[in-house]
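Trainee: This is query-v2.txt, which holds compact mmCIF, C-alpha atoms:
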```txt
# COMPACT_ATOMS: atom_id res chain seq x y z
CA MET A 1490 -37.26 11.81 -12.48
CA ASN A 1491 -37.52 9.57 -15.58
CA THR A 1492 -34.90 7.00 -16.61
CA GLY A 1493 -33.34 9.30 -19.24
CA ARG A 1494 -32.77 12.06 -16.71
CA LYS A 1495 -31.42 9.62 -14.15
CA LEU A 1496 -29.00 8.24 -16.71
CA ALA A 1497 -27.84 11.71 -17.76
CA ALA A 1498 -27.31 12.76 -14.15
CA ALA A 1499 -25.41 9.58 -13.32
CA VAL A 1500 -23.14 9.84 -16.37
CA ALA A 1501 -22.45 13.51 -15.58
CA ALA A 1502 -21.55 12.61 -11.99
CA GLU A 1503 -19.13 9.94 -13.22
CA ALA A 1504 -17.52 12.33 -15.74
CA ALA A 1505 -17.03 15.21 -13.31
CA PRO A 1506 -14.26 13.72 -11.16
CA ARG A 1507 -12.51 11.79 -13.98
CA TYR A 1508 -9.29 13.77 -13.52
CA LEU A 1509 -9.24 12.60 -9.87
CA TYR A 1510 -9.25 9.00 -11.08
CA TRP A 1511 -6.10 9.56 -13.14
CA TRP A 1512 -4.59 11.36 -10.16
CA LEU A 1513 -5.36 8.28 -8.03
CA LEU A 1514 -3.57 5.99 -10.49
CA LEU A 1515 -0.53 8.25 -10.30
CA ALA A 1516 -0.61 8.16 -6.48
CA VAL A 1517 -0.80 4.35 -6.44
CA PHE A 1518 2.08 4.05 -8.91
CA PHE A 1519 4.30 6.36 -6.86
CA GLU A 1520 3.48 4.47 -3.66
CA TYR A 1521 4.46 1.06 -5.03
CA ALA A 1522 7.08 1.77 -7.71
CA ARG A 1523 8.86 4.68 -5.96
CA PRO A 1524 10.26 6.16 -9.21
CA ALA A 1525 12.00 8.89 -7.20
CA ALA A 1526 14.63 6.27 -6.29
CA PHE A 1527 15.65 6.04 -9.95
CA VAL A 1528 14.96 9.44 -11.51
CA PRO A 1529 17.29 12.20 -10.26
CA GLY A 1530 15.57 15.34 -9.00
CA ILE A 1531 12.12 13.86 -8.33
CA GLU A 1532 12.82 13.26 -4.65
CA ALA A 1533 13.23 17.01 -4.04
CA PHE A 1534 9.54 17.55 -4.87
CA LYS A 1535 8.36 14.96 -2.30
CA LEU A 1536 5.83 13.65 -4.80
CA ASN A 1537 5.22 10.47 -2.79
CA SER A 1538 3.57 12.67 -0.16
CA LEU A 1539 2.42 15.61 -2.27
CA ILE A 1540 0.37 13.62 -4.80
CA PRO A 1541 -1.82 11.64 -2.34
CA LEU A 1542 -2.20 14.51 0.15
CA SER A 1543 -3.35 16.97 -2.50
CA LEU A 1544 -5.72 14.33 -3.86
CA LEU A 1545 -7.06 13.73 -0.35
CA VAL A 1546 -7.95 17.42 0.03
CA LEU A 1547 -9.76 17.42 -3.31
CA CYS A 1548 -11.60 14.20 -2.44
CA VAL A 1549 -13.05 15.83 0.66
CA PHE A 1550 -14.74 18.59 -1.36
CA ALA A 1551 -15.22 17.16 -4.89
CA ARG A 1552 -18.66 16.16 -6.14
CA GLY A 1553 -19.58 13.03 -8.03
CA LEU A 1554 -17.60 10.71 -5.73
CA ARG A 1555 -18.89 7.92 -3.51
CA PRO A 1556 -20.69 9.38 -0.46
CA VAL A 1557 -18.88 8.99 2.85
CA GLU A 1558 -21.99 7.43 4.43
CA ASP A 1559 -21.86 4.64 1.82
CA ILE A 1560 -18.24 3.98 2.73
CA ILE A 1561 -18.81 3.95 6.49
CA GLY A 1562 -21.86 1.77 5.95
CA ASP A 1563 -19.65 -1.12 4.87
CA PRO A 1564 -18.58 -3.26 7.88
CA LEU A 1565 -15.13 -3.74 6.37
CA ALA A 1566 -14.50 0.01 6.50
CA LYS A 1567 -15.56 0.09 10.14
CA TRP A 1568 -13.14 -2.71 11.04
CA LEU A 1569 -10.32 -0.88 9.27
CA LEU A 1570 -11.06 2.24 11.32
CA ILE A 1571 -10.97 0.15 14.51
CA TYR A 1572 -7.63 -1.31 13.41
CA PHE A 1573 -6.28 2.20 12.86
CA ALA A 1574 -7.65 3.34 16.23
CA LEU A 1575 -5.81 0.50 18.00
CA ILE A 1576 -2.55 1.61 16.39
CA ALA A 1577 -3.25 5.21 17.40
CA LEU A 1578 -4.02 4.09 20.97
CA SER A 1579 -0.52 2.57 21.13
CA MET A 1580 0.82 6.12 21.41
CA VAL A 1581 -0.80 6.22 24.86
CA HIS A 1582 -0.07 2.78 26.30
CA GLY A 1583 2.89 1.56 24.20
CA VAL A 1584 6.17 0.79 25.96
CA VAL A 1585 8.15 3.14 23.68
CA LYS A 1586 5.68 5.75 22.51
CA LEU A 1587 7.97 7.10 19.80
CA TYR A 1588 7.89 3.74 18.00
CA ALA A 1589 4.10 3.72 18.22
CA TYR A 1590 4.00 7.27 16.86
CA ASN A 1591 6.16 6.28 13.88
CA LYS A 1592 3.76 3.43 13.05
CA PHE A 1593 0.80 5.74 13.48
CA ILE A 1594 2.19 8.24 10.95
CA GLN A 1595 2.98 5.39 8.54
CA VAL A 1596 -0.49 3.86 8.58
CA LEU A 1597 -2.19 7.28 8.59
CA GLY A 1598 -0.91 7.75 5.04
CA TYR A 1599 -2.26 4.34 4.09
CA LEU A 1600 -5.63 5.18 5.65
CA PHE A 1601 -5.73 8.29 3.44
CA LEU A 1602 -4.99 6.04 0.45
CA PHE A 1603 -7.87 3.77 1.45
CA PHE A 1604 -10.20 6.79 1.64
CA ILE A 1605 -9.33 8.18 -1.77
CA ILE A 1606 -9.67 4.73 -3.36
CA VAL A 1607 -13.19 4.15 -2.05
CA ARG A 1608 -14.23 7.71 -2.86
CA ILE A 1609 -12.98 7.64 -6.46
CA VAL A 1610 -13.35 4.00 -7.58
CA THR A 1611 -17.07 4.09 -8.33
CA SER A 1612 -17.24 1.65 -11.28
CA ASN A 1613 -15.82 -1.67 -12.36
CA GLN A 1614 -13.84 0.09 -15.09
CA ARG A 1615 -12.03 2.14 -12.48
CA LEU A 1616 -11.46 -0.95 -10.37
CA ILE A 1617 -9.83 -2.62 -13.36
CA GLY A 1618 -7.72 0.50 -13.88
CA VAL A 1619 -6.31 0.28 -10.35
CA PHE A 1620 -5.48 -3.39 -10.96
CA MET A 1621 -3.61 -2.34 -14.07
CA ILE A 1622 -1.56 0.37 -12.37
CA LEU A 1623 -0.63 -1.94 -9.48
CA ILE A 1624 0.68 -4.52 -11.93
CA ALA A 1625 2.47 -1.79 -13.93
CA ALA A 1626 4.27 -0.63 -10.77
CA HIS A 1627 5.56 -4.15 -10.08
CA LEU A 1628 6.58 -4.67 -13.70
CA PHE A 1629 8.51 -1.40 -13.43
CA LEU A 1630 10.40 -2.79 -10.41
CA LEU A 1631 11.09 -6.02 -12.32
CA TRP A 1632 12.45 -3.98 -15.21
CA ILE A 1633 14.77 -2.14 -12.82
CA ASN A 1634 15.71 -5.43 -11.11
CA PRO A 1635 15.94 -7.98 -13.96
CA ALA A 1636 18.03 -10.40 -11.87
CA VAL A 1637 14.83 -11.65 -10.22
CA LEU A 1638 13.93 -13.31 -13.52
CA LEU A 1639 17.30 -13.62 -15.26
CA ASN A 1640 19.29 -14.98 -12.32
CA PRO A 1641 16.91 -17.08 -10.21
CA GLU A 1642 19.84 -19.04 -8.72
CA GLN A 1643 20.66 -16.01 -6.57
CA ARG A 1644 18.18 -14.35 -4.23
CA SER A 1645 17.91 -10.66 -5.12
CA TYR A 1646 16.90 -7.56 -3.22
CA ILE A 1647 14.58 -5.15 -5.02
CA GLN A 1648 16.42 -1.90 -5.60
CA GLY A 1649 14.22 1.10 -4.81
CA GLY A 1650 11.40 -1.17 -3.65
CA SER A 1651 11.00 0.50 -0.24
CA PHE A 1652 8.63 -1.85 1.64
CA LEU A 1653 9.01 -4.27 -1.30
CA GLY A 1654 12.80 -4.28 -1.08
CA ASP A 1655 13.13 -7.79 0.34
CA GLY A 1656 12.43 -10.67 -2.03
CA ASN A 1657 9.93 -12.19 0.42
CA ASP A 1658 7.94 -8.95 0.60
CA PHE A 1659 8.03 -8.57 -3.17
CA GLY A 1660 6.86 -12.17 -3.61
CA LEU A 1661 3.91 -11.59 -1.26
CA SER A 1662 2.88 -8.50 -3.21
CA LEU A 1663 3.01 -10.50 -6.45
CA CYS A 1664 0.67 -13.11 -4.93
CA ILE A 1665 -1.88 -10.34 -4.36
CA LEU A 1666 -1.60 -9.32 -8.02
CA LEU A 1667 -2.20 -12.75 -9.58
CA PRO A 1668 -6.04 -12.60 -9.40
CA MET A 1669 -5.92 -9.00 -10.64
CA ALA A 1670 -4.02 -10.12 -13.75
CA ILE A 1671 -6.71 -12.77 -14.30
CA ALA A 1672 -9.39 -10.07 -14.00
CA LEU A 1673 -7.61 -8.00 -16.67
CA ALA A 1674 -7.35 -11.02 -18.98
CA LEU A 1675 -11.02 -11.92 -18.58
CA ASN A 1676 -12.07 -8.30 -19.03
CA ALA A 1677 -9.99 -7.79 -22.20
CA ARG A 1678 -11.98 -6.97 -25.34
CA SER A 1679 -9.55 -8.39 -27.89
CA LYS A 1680 -7.57 -11.61 -28.18
CA TRP A 1681 -4.28 -9.67 -28.24
CA ARG A 1682 -5.06 -7.97 -24.95
CA ARG A 1683 -6.10 -11.27 -23.46
CA LEU A 1684 -2.81 -12.77 -24.62
CA LEU A 1685 -0.94 -9.82 -23.10
CA TRP A 1686 -2.52 -10.24 -19.69
CA TRP A 1687 -2.24 -14.04 -19.62
CA SER A 1688 1.44 -13.57 -20.47
CA THR A 1689 1.72 -11.01 -17.68
CA LEU A 1690 0.17 -13.52 -15.28
CA THR A 1691 2.81 -16.06 -16.28
CA LEU A 1692 5.55 -13.45 -15.79
CA LEU A 1693 4.27 -12.66 -12.28
CA MET A 1694 4.30 -16.35 -11.36
CA LEU A 1695 7.85 -16.73 -12.65
CA ALA A 1696 8.87 -13.68 -10.62
CA ILE A 1697 7.46 -15.33 -7.49
CA ILE A 1698 9.62 -18.37 -8.20
CA GLY A 1699 12.56 -16.04 -8.89
CA THR A 1700 12.32 -14.58 -5.38
CA SER A 1701 12.79 -18.10 -3.90
CA SER A 1702 10.37 -17.07 -1.17
CA ARG A 1703 8.86 -20.02 0.67
CA GLY A 1704 5.97 -17.90 1.96
CA ALA A 1705 5.21 -16.54 -1.51
CA THR A 1706 5.30 -20.08 -2.94
CA LEU A 1707 2.72 -21.15 -0.35
CA GLY A 1708 0.75 -18.03 -1.27
CA LEU A 1709 0.87 -18.98 -4.95
CA ILE A 1710 -0.47 -22.44 -4.12
CA ALA A 1711 -3.17 -20.99 -1.83
CA VAL A 1712 -4.37 -18.47 -4.45
CA GLY A 1713 -4.50 -21.21 -7.07
CA GLY A 1714 -6.38 -23.51 -4.72
CA TYR A 1715 -8.93 -20.85 -3.84
CA LEU A 1716 -9.49 -19.97 -7.50
CA TRP A 1717 -10.04 -23.63 -8.32
CA LEU A 1718 -12.37 -24.14 -5.35
CA ILE A 1719 -14.69 -21.29 -6.35
CA SER A 1720 -14.39 -21.68 -10.12
CA PRO A 1721 -17.49 -23.08 -11.89
CA ARG A 1722 -15.17 -24.61 -14.53
CA LYS A 1723 -13.04 -26.79 -12.33
CA THR A 1724 -11.73 -29.10 -15.07
CA LEU A 1725 -10.63 -26.22 -17.30
CA THR A 1726 -9.10 -24.41 -14.31
CA LEU A 1727 -7.23 -27.56 -13.29
CA ILE A 1728 -5.79 -27.93 -16.80
CA ALA A 1729 -4.66 -24.29 -16.72
CA PHE A 1730 -2.99 -24.84 -13.34
CA ALA A 1731 -1.23 -27.96 -14.64
CA PHE A 1732 0.09 -25.95 -17.58
CA ALA A 1733 1.25 -23.18 -15.23
CA LEU A 1734 2.93 -25.74 -12.98
CA ALA A 1735 4.85 -27.16 -15.92
CA ILE A 1736 6.16 -23.68 -16.77
CA VAL A 1737 7.15 -23.05 -13.16
CA LEU A 1738 8.97 -26.38 -12.83
CA ALA A 1739 10.87 -25.70 -16.04
CA PHE A 1740 11.91 -22.23 -14.83
CA ALA A 1741 12.72 -22.99 -11.16
CA SER A 1742 16.39 -23.30 -10.25
CA ASP A 1743 18.07 -25.98 -8.13
CA SER A 1744 18.51 -23.48 -5.31
CA TYR A 1745 14.76 -22.84 -5.37
CA PHE A 1746 13.97 -26.53 -4.86
CA GLN A 1747 16.58 -26.78 -2.11
CA ARG A 1748 14.98 -23.85 -0.33
CA MET A 1749 11.50 -25.34 -0.69
CA ASN A 1750 12.72 -28.63 0.78
CA THR A 1751 13.48 -26.81 4.04
CA ILE A 1752 9.72 -26.35 4.59
CA GLY A 1753 9.50 -30.01 5.59
CA THR A 1754 12.74 -29.92 7.63
CA TYR A 1755 12.23 -26.60 9.39
CA GLU A 1756 13.86 -27.95 12.58
CA GLU A 1757 17.19 -27.86 10.76
CA ASP A 1758 16.71 -24.35 9.40
CA GLY A 1759 17.95 -21.50 11.60
CA SER A 1760 15.69 -18.94 9.96
CA ALA A 1761 12.58 -21.06 10.50
CA MET A 1762 13.46 -21.81 14.12
CA GLY A 1763 14.08 -18.11 14.73
CA ARG A 1764 10.56 -17.40 13.47
CA ILE A 1765 9.07 -20.00 15.81
CA ASP A 1766 10.95 -18.55 18.78
CA ALA A 1767 9.69 -15.09 17.85
CA TRP A 1768 6.13 -16.42 17.69
CA LYS A 1769 6.52 -17.94 21.16
CA ALA A 1770 7.68 -14.55 22.43
CA ALA A 1771 4.60 -12.94 20.87
CA LEU A 1772 2.39 -15.40 22.73
CA ARG A 1773 4.06 -14.42 26.01
CA MET A 1774 3.57 -10.74 25.16
CA VAL A 1775 -0.17 -11.17 24.70
CA ALA A 1776 -0.43 -13.39 27.78
CA ILE A 1777 0.91 -10.53 29.92
CA ASN A 1778 -0.71 -7.69 27.90
CA PRO A 1779 -3.87 -9.39 26.61
CA LEU A 1780 -6.10 -6.48 25.64
CA LEU A 1781 -3.83 -4.05 23.76
CA GLY A 1782 -0.39 -5.70 23.58
CA VAL A 1783 2.93 -3.87 23.99
CA GLY A 1784 2.12 -1.20 21.40
CA ALA A 1785 2.62 -0.82 17.66
CA GLY A 1786 6.28 -0.87 16.61
CA ASN A 1787 7.50 -2.20 19.98
CA PHE A 1788 8.01 -5.88 19.14
CA PRO A 1789 11.72 -5.63 18.05
CA THR A 1790 12.82 -4.17 21.37
CA GLU A 1791 10.38 -5.94 23.69
CA VAL A 1792 11.00 -9.42 22.29
CA TRP A 1793 14.07 -9.80 24.50
CA ARG A 1794 11.99 -9.45 27.64
CA TYR A 1795 9.62 -12.19 26.54
CA LYS A 1796 11.85 -14.73 24.82
CA LEU A 1797 12.10 -18.21 26.31
CA PRO A 1798 15.34 -19.47 27.91
CA GLY A 1799 17.59 -21.09 25.31
CA SER A 1800 15.93 -19.20 22.48
CA SER A 1801 17.86 -18.90 19.20
CA LEU A 1802 16.85 -15.27 18.69
CA VAL A 1803 19.71 -12.97 17.66
CA GLY A 1804 19.88 -9.34 16.49
CA GLU A 1805 16.93 -6.96 16.19
CA LEU A 1806 13.91 -9.01 15.26
CA THR A 1807 10.35 -8.75 14.16
CA ALA A 1808 7.73 -11.46 14.48
CA HIS A 1809 8.01 -12.60 10.82
CA SER A 1810 4.23 -13.02 10.79
CA MET A 1811 1.55 -10.36 10.54
CA TYR A 1812 -0.67 -12.39 12.86
CA PHE A 1813 1.88 -12.87 15.63
CA LEU A 1814 3.16 -9.31 15.23
CA VAL A 1815 -0.36 -7.91 15.68
CA LEU A 1816 -1.00 -10.35 18.52
CA GLY A 1817 2.09 -9.16 20.41
CA GLU A 1818 1.80 -5.45 19.59
CA LEU A 1819 -1.99 -4.88 19.57
CA GLY A 1820 -3.18 -7.77 21.75
CA PHE A 1821 -6.35 -9.80 21.31
CA SER A 1822 -8.18 -6.66 20.20
CA GLY A 1823 -5.77 -6.31 17.30
CA ILE A 1824 -5.80 -9.92 16.16
CA VAL A 1825 -9.62 -10.07 16.22
CA THR A 1826 -9.76 -6.90 14.13
CA LEU A 1827 -7.18 -8.22 11.66
CA LEU A 1828 -9.03 -11.52 11.26
CA MET A 1829 -12.29 -9.65 10.68
CA LEU A 1830 -10.59 -7.67 7.92
CA VAL A 1831 -9.13 -10.78 6.29
CA ILE A 1832 -11.49 -13.71 6.95
CA GLY A 1833 -14.56 -11.61 7.66
CA GLY A 1834 -13.97 -9.58 4.50
CA ILE A 1835 -13.71 -12.72 2.37
CA ARG A 1836 -16.87 -14.17 3.90
CA ALA A 1837 -18.90 -10.97 3.49
CA SER A 1838 -17.84 -10.58 -0.15
CA SER A 1839 -18.69 -14.23 -0.83
CA LEU A 1840 -22.20 -13.76 0.58
CA LEU A 1841 -22.72 -10.61 -1.50
CA ARG A 1842 -21.48 -12.46 -4.59
CA ARG A 1843 -24.04 -15.22 -4.08
CA HIS A 1844 -26.81 -12.67 -3.56
CA LEU A 1845 -25.74 -10.79 -6.68
CA LEU A 1846 -25.90 -13.90 -8.85
CA ALA A 1847 -29.19 -15.03 -7.30
CA THR A 1848 -30.93 -11.71 -8.04
CA ALA A 1849 -33.00 -11.52 -11.22
CA MET A 1850 -30.83 -10.18 -14.03
CA PRO A 1851 -32.13 -8.14 -17.00
CA ALA A 1852 -31.65 -9.87 -20.36
CA GLY A 1853 -28.25 -9.11 -21.85
CA ASP A 1854 -26.93 -7.46 -18.68
CA ARG A 1855 -23.61 -9.10 -17.84
CA ARG A 1856 -22.43 -6.42 -15.41
CA ARG A 1857 -23.63 -8.32 -12.36
CA VAL A 1858 -21.70 -11.36 -13.49
CA GLU A 1859 -18.65 -9.15 -13.93
CA SER A 1860 -19.06 -7.66 -10.44
CA ALA A 1861 -19.53 -11.12 -8.94
CA ARG A 1862 -16.31 -12.24 -10.65
CA LEU A 1863 -14.43 -9.20 -9.31
CA LEU A 1864 -15.64 -9.95 -5.78
CA TYR A 1865 -14.37 -13.51 -6.15
CA LEU A 1866 -10.99 -12.42 -7.56
CA LEU A 1867 -10.49 -9.77 -4.86
CA ASN A 1868 -11.14 -12.48 -2.29
CA ALA A 1869 -8.36 -14.47 -3.97
CA SER A 1870 -6.09 -11.42 -3.68
CA MET A 1871 -6.84 -11.30 0.04
CA VAL A 1872 -5.83 -14.97 0.23
CA GLY A 1873 -2.61 -13.90 -1.50
CA LEU A 1874 -1.99 -11.57 1.44
CA ALA A 1875 -3.29 -13.82 4.20
CA VAL A 1876 -1.21 -16.95 3.53
CA PRO A 1877 2.31 -15.56 2.88
CA GLY A 1878 1.50 -12.88 5.48
CA ALA A 1879 1.63 -15.66 8.08
CA PHE A 1880 5.42 -15.63 7.55
CA LEU A 1881 6.08 -11.92 7.03
CA SER A 1882 5.63 -8.80 9.16
CA VAL A 1883 3.30 -6.88 6.84
CA PRO A 1884 0.38 -5.61 8.98
CA TYR A 1885 1.54 -2.00 8.60
CA TYR A 1886 2.24 -2.20 4.87
CA PRO A 1887 -0.16 -0.58 2.38
CA HIS A 1888 -1.47 -3.97 1.17
CA LEU A 1889 -4.18 -4.34 3.82
CA PHE A 1890 -5.43 -0.77 3.32
CA VAL A 1891 -5.35 -0.85 -0.49
CA LEU A 1892 -7.00 -4.27 -0.70
CA THR A 1893 -9.67 -3.27 1.79
CA GLY A 1894 -10.31 -0.11 -0.23
CA LEU A 1895 -10.72 -2.12 -3.43
CA MET A 1896 -12.99 -4.64 -1.72
CA VAL A 1897 -15.20 -1.93 -0.21
CA SER A 1898 -15.42 -0.22 -3.61
CA CYS A 1899 -16.35 -3.46 -5.35
CA ARG A 1900 -18.96 -4.26 -2.71
CA CYS A 1901 -20.54 -0.80 -2.99
CA ILE A 1902 -20.75 -1.20 -6.78
CA ALA A 1903 -22.30 -4.65 -6.41
CA ARG A 1904 -24.85 -3.50 -3.83
CA GLY A 1905 -25.79 -0.61 -6.13
CA MET A 1906 -26.54 -3.09 -8.90
CA VAL A 1907 -28.95 -4.97 -6.70
CA ALA A 1908 -30.65 -1.97 -5.08
CA GLY A 1909 -30.44 0.64 -7.85
CA ASP A 1910 -31.55 1.08 -11.42
CA ALA A 1911 -29.73 -1.64 -13.38
CA SER A 1912 -29.92 0.30 -16.65
CA VAL A 1913 -28.20 3.33 -15.11
CA THR A 1914 -25.49 1.14 -13.54
CA HIS A 1915 -24.95 -0.60 -16.85
CA GLU A 1916 -24.35 2.68 -18.65
CA LEU A 1917 -22.04 3.98 -15.94
CA GLU A 1918 -19.72 1.05 -16.49
CA LYS A 1919 -19.24 1.92 -20.18
CA PRO A 1920 -16.26 4.09 -21.21
CA LEU A 1921 -17.40 7.69 -21.64
CA HIS A 1922 -17.45 9.33 -25.02
CA PRO A 1923 -15.16 12.41 -25.24
CA ARG A 1924 -18.23 14.65 -25.75
CA GLN A 1925 -19.72 13.32 -22.51
CA VAL A 1926 -16.49 14.16 -20.66
CA GLN A 1927 -16.41 17.68 -22.09
CA SER A 1928 -20.02 18.27 -21.13
```
As a first step, turn the structure in this file into structure tokens.
Mentor:
Amino acid sequence: MNTGRKLAAAVAAEAAPRYLYWWLLLAVFFEYARPAAFVPGIEAFKLNSLIPLSLLVLCVFARGLRPVEDIIGDPLAKWLLIYFALIALSMVHGVVKLYAYNKFIQVLGYLFLFFIIVRIVTSNQRLIGVFMILIAAHLFLLWINPAVLLNPEQRSYIQGGSFLGDGNDFGLSLCILLPMAIALALNARSKWRRLLWWSTLTLLMLAIIGTSSRGATLGLIAVGGYLWLISPRKTLTLIAFAFALAIVLAFASDSYFQRMNTIGTYEEDGSAMGRIDAWKAALRMVAINPLLGVGAGNFPTEVWRYKLPGSSLVGELTAHSMYFLVLGELGFSGIVTLLMLVIGGIRASSLLRRHLLATAMPAGDRRRVESARLLYLLNASMVGLAVPGAFLSVPYYPHLFVLTGLMVSCRCIARGMVAGDASVTHELEKPLHPRQVQS
């Protein structure tokens, strides 16, 4: 087949499932923004379940999507399946099997979301589109909950935020979005769009400060540090960070600084000491149940059996750390799998990025540079999950599944650029003309 035919076939394959891409964006928006909590009558249609499940069925049979063998061929996808299998196995060995079943059903939906992301997101343009809809969902929640920005003196809960309802959880999710906003700004084709997305980035940072979340603040610092470390323009990046810091310091309230000061005096903070006692209990759980832990969803009830004498734990607790929660509930098998998804995923994407940039590039073809940048920024998003996640119980939230889906998609695109026909890949990344869509 000559290059013209290959190009025509590839463009046709990309155009065929375009409606599924828009369906995916709708599914992601409903998962994060939960508009049914604000619009009367929507909840009766169960759209939060109906939209992704119907899309899942279509993704199984539709043509023009990423082949399943390409998805399974990525090590990150295999580790995610192992992670899911460990949660499913909790229904057999878990102390309270009903709790394990509830977690299994929860993450099963997120595994479906992972699958439809990697099947449908077959180009950098679609990757950018998912970034955009994720940010739009969080801006929607900020619009519904303006006190986060307008009243930073008071810590606010996020109305209708579901798993983002707590300010700490919302702050962590915003940390994940920061590199995505940078990707949108760098990908913008006009100065007004660039200004829009740089302004959005500033708004997201201010929202993190507005949550007064210590974990999210550490996440903000970690994301910035990682971006600076990998950036080829370290001086320019440092100046940008200094400017951002000045804005943050001007916006931050006195209560925010008081809360941040407790990081250094955690011994005097009841919340911090409660976390440490919960972590110690998790270590005792894994010491007694080393291979598989006590089972997914069982930490809140089992913690009382494993707490140390004189512990300050009160009420129904979680581990307040995705690492210690997985360690206690899924054992050493779980924590190794989680670290392979987080640290192993970052390392593998970094190696692919270096290979992509080292490969001979056709004159005028900037798509490999763009893919390399997206790999780098998605790594930064994973840092935005990994650091504040050390202080929040988020291993069963959609973040890990969605981020892994985006990283696998980006890696498949990048590998295709190295192994495939660069001219075909280049054309696939261009927006389609309406006549091409109709054909």
Trainee: What separation in Å, quoted to one decimal, exists between CA of Leu1707 in chain A and CA of Gly1873 in chain A?
Mentor: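 Answer for the CA of Leu1707 in chain A to CA of Gly1873 in chain A separation: 9.1 Å.
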Trainee: To one decimal place in Å, what is the distance between CA of Gly1905 in chain A and CA of Leu1845 in chain A?
Mentor: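 Pair CA of Gly1905 in chain A / CA of Leu1845 in chain A returns 10.2 Å.
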Trainee: Using all atoms listed in the file, which of the listed residues (A:Gly1786, A:Pro1556, A:Pro1887, A:Pro1668) sits closest to Met1871 in chain A?
Mentor: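 Between A:Gly1786, A:Pro1556, A:Pro1887, A:Pro1668, the residue approaching Met1871 in chain A most closely is A:Pro1668.
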Trainee: Between CA of Ile1728 in chain A and CA of Cys1664 in chain A, what is the distance in Å, rounded to a tenth?
Mentor: 20.1 Å
Trainee: Residues near Arg1773 in chain A, anyone? I mean within 9 Å using only C-alpha atoms, not counting same-chain ones fewer than 3 positions away, as a short mmCIF file (atom, residue, chain, number, x, y, z; two decimals) with C-alpha atoms, keeping the file's coordinate frame.
Mentor:
```
data_model
loop_
_atom_site.label_atom_id
_atom_site.label_comp_id
_atom_site.auth_asym_id
_atom_site.auth_seq_id
_atom_site.Cartn_x
_atom_site.Cartn_y
_atom_site.Cartn_z
CA TRP A 1768 6.13 -16.42 17.69
CA LYS A 1769 6.52 -17.94 21.16
CA ALA A 1770 7.68 -14.55 22.43
CA ALA A 1776 -0.43 -13.39 27.78
CA ILE A 1777 0.91 -10.53 29.92
CA ASN A 1778 -0.71 -7.69 27.90
CA TYR A 1795 9.62 -12.19 26.54
CA LYS A 1796 11.85 -14.73 24.82
CA LEU A 1797 12.10 -18.21 26.31
CA GLY A 1817 2.09 -9.16 20.41
#
```
Trainee: Pick out the closest residue to Ala1785 in chain A from this set: A:Phe1534, A:Tyr1885, A:Phe1603, A:Phe1527. Count all atoms listed in the file.
Mentor: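 Checking each candidate against Ala1785 in chain A, we get A:Tyr1885 as the closest.
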Trainee: Excluding range 1894-1900 of chain A and residues on its chain fewer than 5 positions from it, collect all residues at most 9 Å away from it, counting only C-alpha atoms, and give them as a ChimeraX atom specification.
Mentor: /A:1555,1560,1563-1566,1602-1613,1616,1619,1834,1838,1841-1842,1860,1863-1864,1867-1868,1889,1905
Trainee: Step by step, gather every atom of range 1626-1631 of chain A that the file lists, find the box along x, y and z that holds them, add 8 Å on each side, and finally give centre and edge lengths in Å to one decimal, as JSON.
Mentor:
```
{"center_x": 7.7, "center_y": -3.3, "center_z": -11.9, "size_x": 22.8, "size_y": 21.4, "size_z": 19.6}
```
Trainee: Excluding same-chain residues fewer than 4 positions from Thr1826 in chain A, what lies within 9 Å of it counting all atoms listed in the file, as number ranges by chain?
Mentor: A: 1568-1569, 1571-1572, 1821-1822, 1830-1831
Trainee: Find, counting only C-alpha atoms, the residue in A:Leu1695, A:Ala1711, A:Cys1901, A:Ala1771 that gets nearest to Val1557 in chain A.
Mentor: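 So, comparing all the options, the nearest one is A:Cys1901.
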Trainee: With distances taken over all atoms listed in the file, which residue among A:Tyr1886, A:Asp1559, A:Phe1746, A:Trp1511 lies nearest Leu1600 in chain A?
Mentor: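 Smallest separation from Leu1600 in chain A among the options: A:Tyr1886.
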Trainee: With all atoms listed in the file as the basis for distance, which of A:Phe1593, A:Trp1512, A:Trp1686, A:Tyr1745 is at the shortest distance from Gln1643 in chain A?
Mentor: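 Result for the nearest residue to Gln1643 in chain A: A:Tyr1745.
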Trainee: Kindly indicate which residue among A:Pro1721, A:Gly1598, A:Pro1779, A:Pro1641 lies nearest to Pro1541 in chain A, using all atoms listed in the file for the distances.
Mentor: A:Gly1598
Trainee: Mind checking which residues fall within 12 Å of Leu1846 in chain A, counting only C-alpha atoms, ignoring those fewer than 4 positions away in the same chain, and posting them as a PyMOL selection string?
Mentor: chain A and resi 1839-1842+1850-1851+1854-1862+1864-1865+1903-1904+1906-1907
Trainee: May I have the residues within 10 Å of Asn1537 in chain A as an MDAnalysis selection string, using only C-alpha atoms and disregarding those fewer than 3 positions away in the same chain?
Mentor: chainID A and resid 1515:1521 1523:1525 1531:1532 1534 1540:1542
